[in-house]
Amino acid sequence: MGYVLDFGWLGDAVSLIASGAAMTLFLIAVSAVAGIVLSVLGAAGRRSRHAWLRRAIAGYVEIIRNTPFLVQLFFIYFGLPSLGIRLDPVVAAILAMTLNMTAYTTEIVGAGLDAVPKGQKEAALALGLRSRQVFIKIVLPQALKVIFPALTSQIVIMMLESAVVSQIAVRELTYEADLLQARTFRAFETYFIVTLVYLALSIGLRRLLVASGNRFLSGGVS
Amino acid sequence: MIEFTLWDIIRNLLLAARWTILLSAVAFAGGTIVGLLILFMRISKRRWVQRFAEYYIGLFQGTPLLMQLFLLFFGLPLLGLRIEPWTAAVLGLTLCASAFLAEIWRGGVQAVPVGQWDAGSSLGLHYLKQLRLIILPQAFAMTRAPTVGFLVQLIKSTALTSIIGFEELVRTSNAINNATFEPFKVYGFVALIYFALCFPLTRYAKMLELRALKH
């Protein structure tokens, strides 16, 4: 007995899939922006004069990078309430994604900062800029340009990994797929379509990031 | 009601960790074998073979692992194959690992100077022998650090197989948590076990990287 694929349910499901995809994009947008801002601070902190700060950031990076995202998510969503911190699923998801993202991008941003020649900083200081201005106006833009491809990859990876937050009932793409397949009994077809949506999202997101990088980072991204 | 002592929790988690380790090892071994095949296709001189490997890698790197697992878990029974969580988990992680490993090793193969290929053919070696004796040993030596780095990623990825019902560390911890209502402690220990598995490998990868830089 052969199984016949059936995509007849798709017409009614388009709006659900679209709203799930919108939630996925919202999650990654918020956590990417927050993650990059935090990782600039983190990378700067890792190069600070204070040994305790350097060590604390290094410890945080190692803990996040050596444990699964799913466990981090469960720890935040199920574990923190026992300390009296109860979070909405969406907030927990954004927090977990941001913390995870930051650990990886701190390393990337750090590598970028190290790649900027020392002479740039010295020249700027010689021109009378304050050290904060030197960092924001001279060093950081050059570092961002170097690390832009790596940041793009990390954002796409995080977007794909966000499928896991369906497990704490955030209504993103995977969660909608779970609901759909429970209603239509067409599990394979549902996940097939949703996988294609993810593929399109990751290709589109990468294109968008590269295009905006070329537009906004001076001289373009090579 | 069953009382869980702290030792009970830890003991059960450690027992479950064996499955995490076994799954990682099997998927890494399988990923190496399939990954080599994909690598050969990726560096093939035939355009369409190369293209196929490119799409294969792009497909696995451009979709969530969770979706890949779901598709196998629900898709293979449609082909008439009986499938259990373990089979779907091994198959899914193997295919995913093969794509990532092939891409890592391709970087190594491309970093081997063209002169090495030329030298190989001038010695009268045919293509496969050039690969086996000259190119691959150098490519693997160069990519040792990212390969170990990927193993860490693979160990962490096994956590996702809990969602399709494979009884590894995370699934067991969910069950224990449902019995003890101590999520902070349970997931804390789980994180610690993963850390104990991954951190030495991360350090090893870092060491390999530094050593490679010195050469």
# chains A, B, ... in the order shown; residues from 1 in each chain; ligands from 1
$ interface_residues --of "chain A" --to "chain B" --cutoff "9 Å" --atoms "only C-alpha atoms" --output "count of residues only"
47
$ select_by_dssp --residues "segment 60-174 of chain B" --states "alpha helix (DSSP H)" --output "number ranges by chain"
B: 60-61, 65-75, 85-111, 114-122, 127-129, 136-142, 144-157, 169-174
$ residues_around --residues "segment 41-44 of chain B" --least-positions-apart "5" --cutoff "7 Å" --atoms "only C-alpha atoms" --output "compact mmCIF listing (two decimals) with N, CA and C atoms, in the first residue's frame"
# COMPACT_ATOMS: atom_id res chain seq x y z
N VAL B 49 28.45 16.59 -10.33
CA VAL B 49 28.71 15.91 -9.06
C VAL B 49 29.05 16.94 -7.98
N GLN B 50 29.90 17.89 -8.39
CA GLN B 50 30.29 18.97 -7.50
C GLN B 50 29.06 19.76 -7.03
N ALA B 53 26.98 17.92 -4.42
CA ALA B 53 27.56 17.98 -3.08
C ALA B 53 27.35 19.37 -2.48
N GLU B 54 27.45 20.39 -3.33
CA GLU B 54 27.24 21.76 -2.85
C GLU B 54 25.82 21.93 -2.30
$ closest_residue --among "B:Asn178, B:Thr147, B:Ser98, B:Gln138" --to "Gly31 of chain B" --atoms "only C-alpha atoms"
B:Ser98
